[in-house]
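Here is query_32.cif, consisting of mmCIF, C-alpha atoms and all ligand atoms:
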data_query
#
loop_
_atom_site.label_atom_id
_atom_site.label_comp_id
_atom_site.auth_asym_id
_atom_site.auth_seq_id
_atom_site.Cartn_x
_atom_site.Cartn_y
_atom_site.Cartn_z
CA MET A 16 16.35 -4.86 -12.04
CA ILE A 17 18.99 -7.61 -11.73
CA SER A 18 18.04 -11.20 -12.55
CA PRO A 19 18.45 -13.67 -9.71
CA PRO A 20 20.53 -16.83 -9.68
CA ARG A 21 18.45 -19.97 -10.34
CA GLY A 22 18.48 -21.17 -6.77
CA GLU A 23 19.77 -19.78 -3.49
CA LEU A 24 19.22 -20.39 0.18
CA LEU A 25 19.17 -17.10 2.09
CA ARG A 26 20.22 -17.48 5.72
CA ALA A 27 19.04 -14.84 8.19
CA PRO A 28 16.54 -14.40 11.00
CA LEU A 29 13.18 -14.11 9.28
CA PHE A 30 9.62 -13.13 10.12
CA HIS A 31 6.34 -13.49 8.31
CA THR A 32 2.60 -13.75 9.01
CA PRO A 33 1.12 -16.47 6.82
CA ARG A 34 -2.19 -16.11 8.71
CA ASN A 35 -4.31 -13.29 10.12
CA PRO A 36 -3.12 -12.46 13.68
CA PHE A 37 -6.42 -10.72 14.47
CA ARG A 38 -8.01 -14.19 14.29
CA ASP A 39 -5.08 -16.52 15.02
CA SER A 40 -2.71 -15.79 17.90
CA SER A 41 0.01 -17.98 16.37
CA ALA A 42 0.00 -16.15 13.04
CA LEU A 43 3.45 -14.60 13.43
CA GLU A 44 6.19 -17.07 12.47
CA CYS A 45 9.78 -16.26 13.43
CA TYR A 46 12.95 -18.21 12.73
CA GLU A 47 15.98 -16.94 14.63
CA ASP A 48 18.31 -18.86 12.29
CA GLY A 49 16.04 -18.86 9.28
CA GLY A 50 16.37 -20.16 5.75
CA LEU A 51 14.47 -18.80 2.76
CA LEU A 52 14.88 -21.02 -0.29
CA VAL A 53 14.33 -19.19 -3.57
CA ILE A 54 14.26 -21.07 -6.86
CA ASP A 55 13.46 -19.30 -10.14
CA GLY A 56 12.06 -16.31 -8.28
CA ARG A 57 9.61 -18.32 -6.19
CA VAL A 58 9.70 -19.33 -2.53
CA ALA A 59 10.59 -23.02 -2.47
CA GLY A 60 10.95 -23.37 1.29
CA CYS A 61 11.00 -21.35 4.50
CA GLY A 62 11.84 -22.37 8.05
CA ASP A 63 14.81 -23.17 10.27
CA TYR A 64 17.99 -22.91 8.21
CA ALA A 65 19.20 -26.38 9.21
CA SER A 66 16.03 -28.14 8.10
CA VAL A 67 15.69 -26.23 4.82
CA ARG A 68 19.39 -26.89 4.15
CA ALA A 69 19.05 -30.61 4.88
CA ALA A 70 16.19 -30.89 2.39
CA HIS A 71 18.13 -29.02 -0.32
CA PRO A 72 21.87 -29.63 0.21
CA GLU A 73 22.64 -28.88 -3.44
CA ILE A 74 21.51 -25.23 -3.27
CA PRO A 75 24.22 -22.69 -2.30
CA THR A 76 23.72 -20.70 0.91
CA VAL A 77 23.96 -16.90 0.99
CA ASP A 78 24.77 -15.87 4.55
CA LEU A 79 22.90 -12.66 5.48
CA GLY A 80 23.90 -12.69 9.15
CA GLY A 81 23.55 -9.33 10.88
CA GLY A 82 20.28 -8.58 9.14
CA PHE A 83 16.68 -9.78 8.84
CA LEU A 84 14.35 -10.97 6.11
CA LEU A 85 10.74 -9.78 5.95
CA PRO A 86 8.18 -10.11 3.18
CA GLY A 87 8.16 -7.05 0.92
CA PHE A 88 5.79 -4.37 2.17
CA VAL A 89 2.43 -3.71 0.55
CA ASP A 90 1.35 -0.06 0.63
CA THR A 91 -2.38 -0.01 -0.07
CA HIS A 92 -2.89 3.74 -0.37
CA ILE A 93 -0.52 6.29 -1.89
CA HIS A 94 -0.66 9.13 -4.44
CA PHE A 95 2.01 9.32 -7.12
CA PRO A 96 1.61 13.05 -7.97
CA GLN A 97 1.97 14.06 -4.31
CA LEU A 98 5.61 13.07 -3.85
CA ARG A 99 6.72 16.70 -3.75
CA VAL A 100 4.07 17.95 -1.30
CA LEU A 101 5.15 15.71 1.56
CA GLY A 102 5.62 17.76 4.70
CA GLY A 103 2.76 20.22 4.29
CA LEU A 104 1.81 20.36 7.95
CA GLY A 105 -0.83 22.39 9.76
CA ARG A 106 -3.84 22.00 7.45
CA SER A 107 -6.93 19.81 7.37
CA LEU A 108 -8.03 17.74 4.39
CA LEU A 109 -9.98 20.15 2.17
CA ASP A 110 -7.65 23.06 2.89
CA TRP A 111 -4.60 20.87 2.27
CA LEU A 112 -6.04 19.65 -1.03
CA GLU A 113 -6.69 23.18 -2.23
CA HIS A 114 -3.36 24.71 -1.21
CA CYS A 115 -0.88 21.84 -1.35
CA ALA A 116 -2.00 18.79 -3.31
CA LEU A 117 -4.11 20.04 -6.20
CA PRO A 118 -1.73 22.73 -7.57
CA GLU A 119 1.05 20.14 -7.56
CA GLU A 120 -1.18 17.52 -9.21
CA ALA A 121 -2.00 20.00 -11.99
CA ARG A 122 1.72 20.04 -12.89
CA MET A 123 1.36 16.43 -14.03
CA ALA A 124 0.06 17.85 -17.33
CA ASP A 125 3.73 18.46 -18.14
CA HIS A 126 4.78 15.02 -19.33
CA ALA A 127 8.52 15.45 -18.81
CA HIS A 128 7.80 16.54 -15.24
CA ALA A 129 5.47 13.56 -14.73
CA CYS A 130 8.14 11.12 -15.97
CA ARG A 131 10.71 12.61 -13.61
CA VAL A 132 8.35 12.42 -10.62
CA ALA A 133 7.33 8.85 -11.56
CA ARG A 134 10.94 7.69 -11.44
CA GLY A 135 11.50 9.39 -8.07
CA PHE A 136 8.25 8.01 -6.70
CA VAL A 137 9.00 4.42 -7.69
CA HIS A 138 12.53 4.71 -6.33
CA ALA A 139 11.15 5.98 -3.03
CA LEU A 140 8.82 2.98 -2.78
CA VAL A 141 11.42 0.30 -3.45
CA SER A 142 14.10 2.01 -1.34
CA HIS A 143 11.74 1.79 1.64
CA GLY A 144 11.14 -1.94 1.09
CA THR A 145 7.76 -1.67 -0.59
CA THR A 146 7.36 -4.31 -3.30
CA THR A 147 3.63 -3.87 -4.02
CA ALA A 148 1.61 -0.66 -3.98
CA SER A 149 -1.91 0.45 -4.73
CA VAL A 150 -1.34 3.85 -6.28
CA PHE A 151 -3.52 6.78 -7.23
CA GLY A 152 -2.13 7.82 -10.62
CA ALA A 153 -2.57 11.30 -12.05
CA HIS A 154 -5.67 12.96 -13.47
CA PHE A 155 -3.84 12.92 -16.81
CA ALA A 156 -3.59 9.72 -18.84
CA PRO A 157 0.00 10.29 -20.11
CA ALA A 158 1.24 10.90 -16.56
CA THR A 159 -0.53 7.75 -15.37
CA SER A 160 1.20 5.86 -18.20
CA ALA A 161 4.50 7.27 -16.96
CA LEU A 162 3.81 5.76 -13.54
CA PHE A 163 3.09 2.30 -15.00
CA GLU A 164 6.21 2.51 -17.18
CA ALA A 165 8.43 3.54 -14.26
CA ALA A 166 7.06 0.75 -12.06
CA GLU A 167 7.63 -1.79 -14.81
CA THR A 168 11.20 -0.61 -15.40
CA ALA A 169 11.92 -0.87 -11.67
CA GLY A 170 10.24 -4.28 -11.33
CA LEU A 171 7.70 -3.00 -8.78
CA ARG A 172 4.29 -4.65 -8.48
CA ILE A 173 1.55 -1.99 -8.67
CA ALA A 174 -2.17 -1.58 -8.94
CA ALA A 175 -2.88 1.90 -10.24
CA GLY A 176 -5.30 3.96 -12.24
CA GLN A 177 -6.01 7.36 -13.69
CA VAL A 178 -7.69 9.53 -11.05
CA LEU A 179 -11.18 10.55 -12.17
CA SER A 180 -13.01 13.70 -11.19
CA ASP A 181 -15.43 16.12 -12.82
CA ARG A 182 -16.17 18.65 -10.09
CA ARG A 183 -14.97 20.51 -6.99
CA LEU A 184 -11.21 20.33 -7.69
CA THR A 185 -9.57 22.73 -10.14
CA PRO A 186 -10.74 22.91 -13.77
CA GLU A 187 -7.49 21.57 -15.21
CA LEU A 188 -7.88 18.36 -13.14
CA HIS A 189 -11.43 17.64 -14.30
CA GLN A 190 -12.33 15.28 -17.10
CA THR A 191 -15.72 14.89 -18.73
CA PRO A 192 -17.19 11.43 -18.09
CA GLU A 193 -16.79 10.70 -21.81
CA ARG A 194 -13.10 11.54 -21.77
CA ALA A 195 -12.60 9.60 -18.54
CA TYR A 196 -14.17 6.53 -20.15
CA ARG A 197 -12.12 6.83 -23.33
CA GLU A 198 -8.76 7.43 -21.64
CA SER A 199 -9.27 4.88 -18.86
CA SER A 200 -10.32 2.22 -21.38
CA LEU A 201 -7.09 2.74 -23.32
CA LEU A 202 -4.98 2.60 -20.15
CA ILE A 203 -6.72 -0.61 -19.08
CA GLU A 204 -6.04 -2.23 -22.45
CA ARG A 205 -2.43 -1.17 -22.29
CA PHE A 206 -1.47 -1.89 -18.68
CA HIS A 207 -3.95 -4.19 -16.91
CA ARG A 208 -2.25 -7.54 -16.24
CA ARG A 209 0.84 -6.43 -18.18
CA GLY A 210 3.81 -7.89 -16.30
CA ARG A 211 3.28 -7.10 -12.62
CA SER A 212 0.79 -4.30 -13.20
CA LEU A 213 -2.91 -4.26 -12.46
CA TYR A 214 -5.41 -1.53 -13.23
CA SER A 215 -7.47 -0.03 -10.45
CA VAL A 216 -10.48 2.15 -11.29
CA THR A 217 -9.87 5.33 -9.27
CA PRO A 218 -12.55 7.97 -8.76
CA ARG A 219 -10.92 10.52 -6.45
CA PHE A 220 -13.80 10.55 -3.95
CA ALA A 221 -17.57 11.03 -4.04
CA LEU A 222 -17.16 14.74 -3.36
CA ALA A 223 -15.34 15.27 -6.65
CA ALA A 224 -17.23 12.80 -8.87
CA SER A 225 -20.74 13.27 -10.26
CA GLU A 226 -23.12 10.37 -10.65
CA ALA A 227 -22.29 10.35 -14.36
CA MET A 228 -18.59 9.90 -13.50
CA LEU A 229 -19.36 7.15 -11.00
CA GLU A 230 -21.40 5.42 -13.72
CA VAL A 231 -18.34 5.50 -15.97
CA CYS A 232 -16.38 3.74 -13.21
CA GLN A 233 -19.12 1.13 -12.90
CA THR A 234 -19.08 0.57 -16.68
CA LEU A 235 -15.30 0.11 -16.70
CA LEU A 236 -15.54 -2.47 -13.91
CA ARG A 237 -18.23 -4.34 -15.85
CA GLU A 238 -16.39 -4.28 -19.16
CA HIS A 239 -13.04 -5.66 -17.98
CA GLN A 240 -12.19 -8.76 -15.97
CA GLY A 241 -10.23 -8.54 -12.75
CA LEU A 242 -10.00 -4.79 -12.32
CA LEU A 243 -9.38 -3.41 -8.86
CA PHE A 244 -11.01 -0.31 -7.40
CA GLN A 245 -9.80 2.42 -5.04
CA THR A 246 -11.13 5.63 -3.60
CA HIS A 247 -11.50 7.55 -0.30
CA LEU A 248 -14.21 7.05 2.32
CA ASN A 249 -15.21 8.86 5.54
CA GLU A 250 -11.90 10.67 6.00
CA ASN A 251 -12.96 14.04 7.38
CA LEU A 252 -16.19 15.29 9.01
CA GLY A 253 -16.51 18.30 6.68
CA GLU A 254 -16.09 16.03 3.66
CA ILE A 255 -18.75 13.63 4.98
CA ALA A 256 -21.26 16.45 5.49
CA GLU A 257 -20.66 17.70 1.97
CA VAL A 258 -21.10 14.22 0.46
CA ALA A 259 -24.41 13.92 2.34
CA ARG A 260 -25.53 17.21 0.77
CA LEU A 261 -24.44 16.19 -2.75
CA PHE A 262 -26.06 12.74 -2.61
CA PRO A 263 -29.32 13.31 -0.69
CA TRP A 264 -30.60 9.87 -1.69
CA ALA A 265 -27.71 8.10 0.09
CA ALA A 266 -28.22 6.95 3.70
CA ASP A 267 -24.49 7.42 4.35
CA TYR A 268 -21.17 7.86 2.53
CA LEU A 269 -20.69 4.17 1.76
CA ALA A 270 -24.17 3.99 0.22
CA VAL A 271 -22.95 6.26 -2.60
CA TYR A 272 -20.32 3.70 -3.57
CA GLU A 273 -22.64 0.77 -3.01
CA ARG A 274 -25.14 2.23 -5.50
CA PHE A 275 -22.49 1.78 -8.22
CA GLY A 276 -21.21 -1.62 -7.08
CA PHE A 277 -17.87 -0.39 -5.75
CA SER A 278 -17.92 -2.04 -2.32
CA ARG A 279 -16.64 -5.47 -3.25
CA PRO A 280 -13.55 -7.71 -3.09
CA GLY A 281 -10.61 -5.96 -4.72
CA ALA A 282 -11.83 -2.54 -3.57
CA VAL A 283 -9.55 -0.48 -1.32
CA LEU A 284 -11.32 2.33 0.51
CA ALA A 285 -8.91 4.69 2.22
CA HIS A 286 -9.33 6.04 5.76
CA ASN A 287 -12.85 5.31 7.06
CA VAL A 288 -12.05 7.30 10.21
CA HIS A 289 -15.71 8.17 10.89
CA PRO A 290 -17.88 5.17 9.94
CA THR A 291 -21.35 4.32 11.20
CA ASP A 292 -21.97 0.85 12.63
CA SER A 293 -24.11 0.05 9.62
CA GLU A 294 -21.29 1.00 7.24
CA LEU A 295 -18.88 -1.29 9.10
CA ASP A 296 -21.29 -4.23 8.91
CA ARG A 297 -21.83 -3.69 5.20
CA LEU A 298 -18.10 -3.28 4.53
CA ALA A 299 -17.39 -6.55 6.32
CA ALA A 300 -19.99 -8.36 4.23
CA SER A 301 -18.72 -6.85 0.98
CA GLY A 302 -15.11 -8.09 1.14
CA ALA A 303 -13.73 -4.59 0.48
CA THR A 304 -10.65 -3.49 2.44
CA VAL A 305 -10.13 -0.32 4.43
CA ALA A 306 -6.68 1.19 3.95
CA HIS A 307 -5.73 2.57 7.36
CA CYS A 308 -3.36 5.54 7.00
CA PRO A 309 -2.51 6.62 10.55
CA SER A 310 0.21 9.19 9.71
CA SER A 311 -2.09 10.98 7.29
CA ASN A 312 -5.02 10.85 9.73
CA ALA A 313 -2.84 12.51 12.37
CA ALA A 314 -1.06 14.97 10.07
CA LEU A 315 -4.34 16.26 8.59
CA GLY A 316 -6.14 16.08 11.94
CA SER A 317 -8.73 13.75 10.39
CA GLY A 318 -9.25 11.77 13.57
CA LEU A 319 -8.43 8.56 15.41
CA PHE A 320 -9.15 5.40 13.45
CA PRO A 321 -11.70 3.17 15.23
CA PHE A 322 -9.64 0.00 14.87
CA VAL A 323 -11.53 -2.08 17.44
CA ARG A 324 -14.85 -1.36 15.74
CA HIS A 325 -13.41 -2.45 12.39
CA ILE A 326 -11.98 -5.66 13.81
CA ASP A 327 -15.13 -6.46 15.83
CA ALA A 328 -17.29 -5.95 12.74
CA GLY A 329 -14.95 -8.16 10.69
CA VAL A 330 -13.83 -5.47 8.24
CA ARG A 331 -10.63 -6.25 6.35
CA CYS A 332 -7.93 -3.66 7.13
CA ALA A 333 -4.48 -3.00 5.69
CA LEU A 334 -1.97 -0.14 5.89
CA GLY A 335 -1.29 2.78 3.59
CA THR A 336 1.17 5.66 3.80
CA ASP A 337 -1.08 8.12 1.93
CA VAL A 338 1.85 10.11 0.57
CA GLY A 339 1.62 13.13 0.44
CA GLY A 340 -1.06 13.66 3.14
CA GLY A 341 0.99 11.15 5.14
CA THR A 342 4.54 11.65 6.32
CA GLY A 343 6.66 9.39 4.12
CA PHE A 344 7.08 6.07 2.36
CA GLY A 345 8.15 3.88 5.27
CA MET A 346 5.72 1.08 6.02
CA LEU A 347 7.55 0.22 9.25
CA LYS A 348 7.03 3.80 10.39
CA GLU A 349 3.38 3.57 9.33
CA GLY A 350 3.00 0.44 11.45
CA LEU A 351 4.57 2.21 14.42
CA GLN A 352 2.23 5.16 13.92
CA ALA A 353 -0.78 2.80 13.91
CA TYR A 354 0.49 1.34 17.18
CA LEU A 355 1.08 4.77 18.77
CA LEU A 356 -2.32 6.20 17.85
CA GLN A 357 -4.12 3.10 19.10
CA ARG A 358 -2.32 3.51 22.44
CA ILE A 359 -3.89 6.94 22.94
CA ALA A 360 -7.24 6.40 21.18
CA PRO A 361 -10.12 6.41 23.73
CA SER A 362 -11.15 2.90 22.70
CA GLY A 363 -7.86 1.81 21.20
CA MET A 364 -6.26 -1.60 21.03
CA VAL A 365 -2.71 -2.71 21.71
CA LEU A 366 -1.31 -3.79 18.37
CA ASP A 367 1.68 -6.13 18.62
CA ALA A 368 4.46 -6.60 16.09
CA GLY A 369 2.65 -9.54 14.49
CA HIS A 370 -0.41 -7.36 13.84
CA LEU A 371 1.79 -4.64 12.37
CA LEU A 372 3.70 -7.02 10.11
CA TYR A 373 0.47 -8.57 8.84
CA LEU A 374 -1.08 -5.16 8.18
CA ALA A 375 2.05 -4.07 6.28
CA THR A 376 2.34 -7.24 4.18
CA LEU A 377 -0.22 -10.04 3.72
CA ALA A 378 -3.28 -7.93 4.58
CA GLY A 379 -2.39 -5.58 1.75
CA ALA A 380 -1.73 -8.43 -0.66
CA GLU A 381 -5.13 -9.93 0.17
CA ALA A 382 -6.78 -6.53 -0.31
CA LEU A 383 -5.49 -6.48 -3.89
CA GLY A 384 -6.42 -10.10 -4.65
CA LEU A 385 -2.72 -11.02 -4.49
CA GLY A 386 -2.86 -13.13 -1.33
CA GLY A 387 -1.82 -16.19 -3.33
CA GLU A 388 1.11 -14.37 -4.92
CA THR A 389 2.86 -12.21 -2.32
CA GLY A 390 2.73 -10.99 1.30
CA ASP A 391 4.43 -13.89 3.11
CA PHE A 392 6.92 -16.72 2.59
CA ARG A 393 4.64 -19.65 1.95
CA THR A 394 5.99 -22.09 -0.64
CA GLY A 395 5.02 -21.24 -4.21
CA LYS A 396 4.69 -17.51 -3.67
CA SER A 397 6.71 -14.91 -5.48
CA ALA A 398 9.99 -14.24 -3.64
CA ASP A 399 9.16 -10.62 -2.72
CA PHE A 400 11.20 -9.63 0.29
CA VAL A 401 13.18 -6.96 2.05
CA TYR A 402 16.55 -7.49 3.70
CA LEU A 403 17.01 -5.14 6.65
CA ARG A 404 20.36 -4.65 8.31
CA PRO A 405 20.91 -2.02 11.00
CA LEU A 406 23.77 0.38 10.49
CA ALA A 407 26.70 -0.17 12.84
CA ASP A 408 26.51 2.14 15.86
CA SER A 409 22.80 2.85 15.26
CA PRO A 410 20.31 2.71 18.15
CA LEU A 411 18.71 -0.34 16.51
CA ALA A 412 22.07 -2.14 16.43
CA ALA A 413 22.53 -1.31 20.12
CA VAL A 414 19.11 -2.65 21.05
CA LEU A 415 19.69 -5.84 19.09
CA GLU A 416 22.94 -6.57 20.96
CA ARG A 417 20.76 -7.63 23.88
CA GLU A 418 19.41 -11.14 24.20
CA GLN A 419 15.77 -10.85 23.13
CA SER A 420 12.86 -12.93 21.94
CA PRO A 421 12.07 -12.80 18.20
CA GLN A 422 8.91 -10.79 19.00
CA GLN A 423 11.01 -8.22 20.87
CA VAL A 424 13.38 -8.02 17.91
CA LEU A 425 10.44 -7.32 15.61
CA ASP A 426 9.12 -4.68 18.05
CA ALA A 427 12.52 -2.97 17.87
CA ILE A 428 12.55 -3.15 14.05
CA PHE A 429 9.15 -1.45 13.82
CA THR A 430 10.23 1.17 16.34
CA LEU A 431 13.71 2.02 15.05
CA ALA A 432 14.31 0.77 11.51
CA GLY A 433 14.20 3.57 8.94
CA ALA A 434 15.00 3.58 5.23
CA GLU A 435 18.73 3.48 6.04
CA THR A 436 18.17 -0.07 7.30
CA VAL A 437 16.83 -1.32 3.95
CA ARG A 438 19.80 -3.01 2.29
CA GLU A 439 18.22 -5.03 -0.49
CA VAL A 440 14.74 -5.49 -1.91
CA ARG A 441 13.63 -8.21 -4.31
CA VAL A 442 10.52 -8.87 -6.34
CA GLU A 443 10.17 -12.38 -7.76
CA GLY A 444 13.74 -12.96 -6.68
CA SER A 445 15.12 -10.07 -8.75
CA VAL A 446 16.86 -7.17 -7.04
CA VAL A 447 14.77 -4.00 -7.37
CA PHE A 448 16.81 -2.02 -4.86
CA ARG A 449 20.24 -2.38 -3.27
CA SER A 450 21.58 0.31 -0.97
CA ARG A 451 24.99 1.88 -1.40
CA ALA A 452 25.84 0.77 2.12
CA ALA A 453 25.19 -2.82 1.05
CA GLU A 454 27.34 -2.46 -2.06
CA ASN A 455 30.27 -1.19 -0.01
CA GLN A 456 30.30 -4.26 2.20
ZN ZN B 1 -5.45 9.53 -0.23
#
What is this structure when it is put down as structure tokens?
Amino acid sequence: MISPPRGELLRAPLFHTPRNPFRDSSALECYEDGGLLVIDGRVAGCGDYASVRAAHPEIPTVDLGGGFLLPGFVDTHIHFPQLRVLGGLGRSLLDWLEHCALPEEARMADHAHACRVARGFVHALVSHGTTTASVFGAHFAPATSALFEAAETAGLRIAAGQVLSDRRLTPELHQTPERAYRESSLLIERFHRRGRSLYSVTPRFALAASEAMLEVCQTLLREHQGLLFQTHLNENLGEIAEVARLFPWAADYLAVYERFGFSRPGAVLAHNVHPTDSELDRLAASGATVAHCPSSNAALGSGLFPFVRHIDAGVRCALGTDVGGGTGFGMLKEGLQAYLLQRIAPSGMVLDAGHLLYLATLAGAEALGLGGETGDFRTGKSADFVYLRPLADSPLAAVLEREQSPQQVLDAIFTLAGAETVREVRVEGSVVFRSRAAENQ
């Protein structure tokens, strides 16, 4: 992490969504010659360069012509121990867990290995422009500590927690409820609200957690202020049938979590590919957020996300990459995948670039209770942003040579900008990633 200068005015085309474009058609704000004023790590102004400059003539300008400024991405669903199982194609959820994910997650018992993976994982996030992430830690407390430490060293903003499970996985990944309570309590005391870190209570999913384990999660949420919560919901039809068998008293999958008070603001429930109408209505009323992970849903054959039903019911939605069931760390790619799948879904919707940017930034910040801190460029927020600059001779550079509207430019960025386009990433004004290509310029 490199400390920022006290004040600087960054000049580049910029985009952000300070409002929800699913409710407000003018939510996407674009400035073709934009100015982002950063003072002491906070956004002090955002708009047309000339007007921001006129209001603050004393602040030096940094010219970032040739690139674009976007708010840092917020990945609302990702698994730290699954970095090395990316690319396991051809399986469905429960089969993939058994053969790909769980054996790799068991290796997190080796602390040196966990520290190495944590560093690689955090680097992968920041090098793709992600500045905030809601992360499933490991089943092991020391490995989960390694994740928090690596994020803190890098300057990344994370919400994370030890993954809790006492059945149906492999024995080495199970904790007793007593051990889960003891270890999670210590992690919460150590990392919750330390620097940019938040603690998120993380039962793996209802399938792998007994009622006693879910009660531990409920107790943790009661005993500590401001904790977040994350788990999986309605991902796969086989999983849903098994949850119904294990919890015969529950009317549906969500009812299991509701019994323990988990469906609430600050809760991120991943997938929800197969919800009932009643579940959608209750989710909307609860203030919980669904993390939509389109690459993972397609890669594992989980199904087509019913986006229109979520929006019509008023359910909060954000985006997650779901590494390693997903296909990588890129939130722009995840946005494109959401767009593509909605184009072919039987009752899909046409998502535009404003929707995608919101889902990849402010929607995620709001999901984590950080809507006042990050996710867009409103004055007073943390200066969390990504500077994208297409490589010379790349298809994106060719497309951008044409005269286009700002919305078309953002369409092209979502379609064509990969990790090689990410030149610099800042959190609270401090550099958390700078590409070699940028350093050579
Ligand atoms: Zn997941």
Practice task
Tell me, as JSON, numbers by chain, which residues lie within 10 Å of Ala300 in chain A, counting all atoms listed in the file; anything in the same chain fewer than 6 positions away does not count.
Solution key: {"A": [278, 279, 280, 294, 328, 329, 330, 331]}
Practice task
Select the residues contacting ligand ZN 1 (chain B) at a distance of at most 8 Å, based on only C-alpha atoms and all ligand atoms, then format the selection as JSON, numbers by chain.
Solution key: {"A": [92, 93, 94, 151, 246, 247, 285, 286, 337, 338, 339, 340]}
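Residue nearest Leu366 in chain A within the list A:Gly103, A:Val323, A:Tyr402, A:Ala224: A:Val323 [criterion: smallest interatomic distance, all atoms listed in the file].
Excluding range 183-196 of chain A and any residue on its chain fewer than 5 positions from it, the residues at most 7 Å away by only C-alpha atoms are A:Ala121, A:His154, A:Ala223, A:Ala227, A:Met228, A:Val231.
Interatomic distance, CA of Ala375 in chain A against CA of Thr430 in chain A: 14.0 Å.
In this comparison, which uses all atoms listed in the file, the residue of A:Ala299, A:Leu377, A:Leu355, A:Ala313 approaching His31 in chain A most closely is A:Leu377.
From CA of Gln352 in chain A back to CA of Ala221 in chain A, the distance works out to 27.4 Å.
Going from CA of Cys308 in chain A to CA of Arg438 in chain A covers 25.1 Å.
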Exercise for the section: Using all atoms listed in the file, find the one residue out of A:Ile173, A:Leu374, A:Leu269, A:Ala306 that sits nearest to Leu284 in chain A. Expected result: A:Ala306
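Nearest to Arg208 in chain A of all the residues A:Phe163, A:Phe220, A:Phe277, A:Phe429 is A:Phe163, based on all atoms listed in the file.
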Only all heavy atoms, as a JSON list (two decimals), in the first residue's frame: that is what I want for range 371-375 of chain A.
[["chain", "number", "residue", "atom", "x", "y", "z"],
["A", 371, "LEU", "N", -25.34, -2.86, -14.78],
["A", 371, "LEU", "CA", -24.18, -3.71, -14.48],
["A", 371, "LEU", "C", -23.21, -2.99, -13.54],
["A", 371, "LEU", "O", -22.67, -3.59, -12.60],
["A", 371, "LEU", "CB", -23.46, -4.11, -15.78],
["A", 371, "LEU", "CG", -24.31, -4.87, -16.81],
["A", 371, "LEU", "CD1", -23.45, -5.29, -18.00],
["A", 371, "LEU", "CD2", -25.00, -6.09, -16.19],
["A", 372, "LEU", "N", -23.00, -1.70, -13.80],
["A", 372, "LEU", "CA", -22.07, -0.96, -12.94],
["A", 372, "LEU", "C", -22.61, -0.88, -11.51],
["A", 372, "LEU", "O", -21.87, -1.08, -10.54],
["A", 372, "LEU", "CB", -21.81, 0.44, -13.50],
["A", 372, "LEU", "CG", -20.78, 1.26, -12.74],
["A", 372, "LEU", "CD1", -19.41, 0.58, -12.74],
["A", 372, "LEU", "CD2", -20.66, 2.67, -13.31],
["A", 373, "TYR", "N", -23.89, -0.61, -11.39],
["A", 373, "TYR", "CA", -24.50, -0.55, -10.06],
["A", 373, "TYR", "C", -24.36, -1.90, -9.34],
["A", 373, "TYR", "O", -23.96, -1.96, -8.17],
["A", 373, "TYR", "CB", -25.97, -0.17, -10.20],
["A", 373, "TYR", "CG", -26.78, -0.30, -8.92],
["A", 373, "TYR", "CD1", -26.64, 0.62, -7.88],
["A", 373, "TYR", "CD2", -27.69, -1.35, -8.76],
["A", 373, "TYR", "CE1", -27.38, 0.48, -6.71],
["A", 373, "TYR", "CE2", -28.44, -1.49, -7.60],
["A", 373, "TYR", "CZ", -28.28, -0.57, -6.58],
["A", 373, "TYR", "OH", -29.00, -0.70, -5.42],
["A", 374, "LEU", "N", -24.68, -2.98, -10.04],
["A", 374, "LEU", "CA", -24.61, -4.31, -9.42],
["A", 374, "LEU", "C", -23.18, -4.64, -8.98],
["A", 374, "LEU", "O", -22.98, -5.33, -7.97],
["A", 374, "LEU", "CB", -25.09, -5.39, -10.41],
["A", 374, "LEU", "CG", -26.59, -5.39, -10.72],
["A", 374, "LEU", "CD1", -26.89, -6.27, -11.93],
["A", 374, "LEU", "CD2", -27.38, -5.88, -9.50],
["A", 375, "ALA", "N", -22.20, -4.12, -9.72],
["A", 375, "ALA", "CA", -20.79, -4.44, -9.43],
["A", 375, "ALA", "C", -20.17, -3.48, -8.42],
["A", 375, "ALA", "O", -19.02, -3.70, -8.00],
["A", 375, "ALA", "CB", -19.98, -4.40, -10.73]]
